[in-house]
Amino acid sequence: MGSVKSEQPAAGPGSEAVGGDTFVLAHLSDFHLGFPDGAGVKELLNKRVLGYLMWRLRRRAEHRPEVLEALVFDLRDARPDHIVVTGDLTHLGLPAEFLRARQWLSALGPPSKVTVVPGNHDAYVRDAWGGPVAQWSDYMVSDGVSSPDPMVPLGLFPTVRIRGPFAVIGVCTARPSLPLLAVGTIGRAQLARLERVLETTGRQDLYRIVLIHHPPVPGTVTWHRRLTDSAAFRAVLARQGAELVLHGHAHRTSMHQLSTPAGRVPVIGVPSASALGRASGRGARYHLYFIRRDHRGWNVRIAVRAYSPQAEHFAAGDDPPTTLPST
Ligand SMILES: [Fe+2]
C-alpha cells in the first residue's frame with residue numbers, strides 16, 4: 001500500500017476541490033514516548049509516581065523508539081498528503097517528553113502537514129498543560145492562528161484546518177484525572193464551538209474529519225478510561241453530521257458507525273504506533289485512508305500498515321483493506 005500515491009498533492013487552504021484525485025491520510029496514535037532518564041524525583045511526586053511505576057513495569061519495554069523510526073521510514077514511502085496523530089504522544093507529561101515528542105513530530109513532517117490532538121497522558125497532571133501548548137502549538141492550532149494563549153489551552157479547541165475539500169477538526173478530551181483513571185472530557189464550551197464548526201464546514205460541503213483521543217462509542221474502552229460526555233458528543237454529531245471520526249486511546253483497531261439523520265458516521269480507532277507487541281500480540285499499526293470523490297459521492301478505502309518485530313519494519317497488515325460506504 002505504501003506505493004499507492006495521490007495523483008496530486010493536497011491542496012492548501014482556500015484552493016479548489018481535489019475533484020477525482022485521491023487524498024491520502026495517515027492516522028497514527030498513542031506513541032507513549034518514554035520516561036527520560038534525566039527527570040528529577042520532584043517531577044515524579046504526584047500522580048506521576050503511579051504512571052512511572054506502570055511505565056517501568058510494562059510500557060517502557062513495549063513502546064519503543066525503534067518502532068517509531070520504522071514508522072517514519074514507512075511513511076516516507078507512503079507519502080501521505082496529511083498525517084493526523086490522536087494523542088498520548090507522551091507517557092507522564094514531563095517537559096523532556098514533550099520536547100522528545102516534538103522531535104518525532106518534526107520527523108513526520110512540517111506543522112502544515114501534521115495535525116495533533118492531545119491525549120490524557122499529555123495532560124497527566126494539572127501543571128502539564130503548558131507542555132503541549134508550548135512544544136506542539138504549531139501542530140495543533142487552527143489555520144491562521146500563530147500563538148495560542150498558554151493560559152487557556154482548551155480555548156484552542158476545536159481546531160480547524162482546511163486542506164482542499166477536507167476539514168480536519170481537532171477535539172481535545174485531555175484533562176488531568178484522578179489516579180487510576182484515564183477518562184476524558186470535552187466540556188460544554190468546546191462542544192458548543194464544535195457544533196458551530198461542524199455546521200459551518202458541513203454547509204461548505206467539506207469532508208469533515210474529526211480527531212478525538214477518547215473513543216466516543218460506549219463499550220470501546222472500560223469505564224475508568226471512558227469519555228465522560230460521549231453522549232453529548234454523539235448528540236452534536238447526530239445534529240450536524242461528520243464524514244469520519246478518528247480516535248486512539250484503546251490501543252487496538254475498532255470500527256463503529258454512528259447513525260445520524262444525514263447518514264452513518266464511521267468511527268475508527270487505531271492501535272499504538274510504537275508498540276512492539278511481542279507479548280500482547282498488539283504490535284504497532286497505523287491506518288492509511290485513500291479518499292476520493294466521484295459522481296456517487298465520497299469513496300474511502302482503508303489500508304492497515306503493521307509493524308513486524310521480526311522484520312523490524314512496517315508492511316501491509318493481515319486485515320483486508322476496508323472500503324467505507326459512499327457518502
Ligand atoms: Fe489515552
# chains A, B, ... in the order shown; residues from 1 in each chain; ligands from 1
>>> residues_near_ligand(ligand="ligand 1", cutoff="12 Å", atoms="only C-alpha atoms and all ligand atoms", output="ChimeraX atom specification")
/A:29-32,86-93,117-124,172-177,181-185,212-215,221-222,224-227,247-252,269-272
>>> closest_atom_pairs(of="range 260-293 of chain A", to="range 60-69 of chain A", cutoff="9 Å", atoms="only C-alpha atoms", output="CSV")
residue,atom,partner,partner_atom,distance
A:Ser272,CA,A:His63,CA,8.3
A:Ala273,CA,A:Leu68,CA,6.9
A:Ser274,CA,A:His63,CA,5.0
A:Ala275,CA,A:His63,CA,4.5
A:Leu276,CA,A:Glu62,CA,5.3
A:Gly277,CA,A:Glu62,CA,6.7
A:Arg278,CA,A:Glu62,CA,8.0
A:Ala279,CA,A:Glu62,CA,8.6
A:Gly283,CA,A:Glu62,CA,8.9
A:Ala284,CA,A:Val67,CA,7.5
>>> residues_around(residues="range 155-160 of chain A", least_positions_apart="2", cutoff="12 Å", atoms="only C-alpha atoms", output="number ranges by chain")
A: 13, 112, 115-118, 132-133, 137-153, 162-163, 166-174, 186-198, 200-201, 206, 208-212
>>> write_last_selection(atoms="C-alpha atoms", output="tab-separated table (two decimals), in the first residue's frame")
chain	number	residue	atom	x	y	z
A	13	PRO	CA	-6.32	26.43	2.32
A	112	SER	CA	1.12	22.28	7.88
A	115	THR	CA	-2.28	17.68	12.87
A	116	VAL	CA	-2.18	16.68	16.54
A	117	VAL	CA	-4.76	16.44	19.30
A	118	PRO	CA	-3.57	15.65	22.84
A	132	PRO	CA	1.72	20.55	24.52
A	133	VAL	CA	0.87	24.21	24.06
A	137	SER	CA	1.14	24.51	19.24
A	138	ASP	CA	2.04	24.82	15.56
A	139	TYR	CA	0.99	21.18	15.08
A	140	MET	CA	-2.35	21.78	16.82
A	141	VAL	CA	-3.62	25.26	16.03
A	142	SER	CA	-6.28	26.23	13.52
A	143	ASP	CA	-5.31	27.75	10.21
A	144	GLY	CA	-4.28	31.36	10.67
A	145	VAL	CA	-3.58	31.07	14.42
A	146	SER	CA	0.06	31.63	15.30
A	147	SER	CA	0.32	31.98	19.07
A	148	PRO	CA	-2.31	30.40	21.29
A	149	ASP	CA	-2.75	31.67	24.81
A	150	PRO	CA	-0.98	29.15	27.08
A	151	MET	CA	-3.28	30.15	29.94
A	152	VAL	CA	-6.38	28.87	28.16
A	153	PRO	CA	-5.22	25.76	26.28
A	162	ILE	CA	-8.85	23.18	5.74
A	163	ARG	CA	-6.97	21.22	3.11
A	166	PHE	CA	-11.16	18.40	3.63
A	167	ALA	CA	-11.75	19.92	7.07
A	168	VAL	CA	-9.51	18.39	9.74
A	169	ILE	CA	-11.23	19.19	13.06
A	170	GLY	CA	-9.36	18.58	16.32
A	171	VAL	CA	-11.25	17.96	19.58
A	172	CYS	CA	-9.49	17.96	22.95
A	173	THR	CA	-10.50	15.44	25.63
A	174	ALA	CA	-7.27	15.71	27.62
A	186	ILE	CA	-14.76	17.60	26.04
A	187	GLY	CA	-16.73	20.13	28.07
A	188	ARG	CA	-19.79	22.20	27.26
A	189	ALA	CA	-17.98	25.21	25.85
A	190	GLN	CA	-15.92	23.15	23.43
A	191	LEU	CA	-18.99	21.12	22.41
A	192	ALA	CA	-20.84	24.34	21.61
A	193	ARG	CA	-17.94	25.55	19.47
A	194	LEU	CA	-17.72	22.12	17.81
A	195	GLU	CA	-21.38	22.28	16.86
A	196	ARG	CA	-20.81	25.59	15.10
A	197	VAL	CA	-17.67	24.31	13.34
A	198	LEU	CA	-19.44	21.18	12.06
A	200	THR	CA	-20.24	25.71	9.04
A	201	THR	CA	-17.94	23.16	7.41
A	206	LEU	CA	-16.30	19.86	3.12
A	208	ARG	CA	-15.22	16.63	7.85
A	209	ILE	CA	-12.61	14.51	9.64
A	210	VAL	CA	-12.99	14.77	13.43
A	211	LEU	CA	-9.95	13.85	15.57
A	212	ILE	CA	-10.52	12.88	19.20
>>> closest_residue(among="A:Pro80, A:Gly317, A:Pro261, A:Pro111", to="Ala238 in chain A", atoms="only C-alpha atoms")
A:Pro261
>>> closest_residue(among="A:Gln240, A:Arg203, A:His287, A:Val85", to="Arg264 in chain A", atoms="only C-alpha atoms")
A:Gln240
>>> closest_residue(among="A:Ser308, A:Phe23, A:Ala315, A:Ala303", to="Tyr207 in chain A", atoms="only C-alpha atoms")
A:Phe23
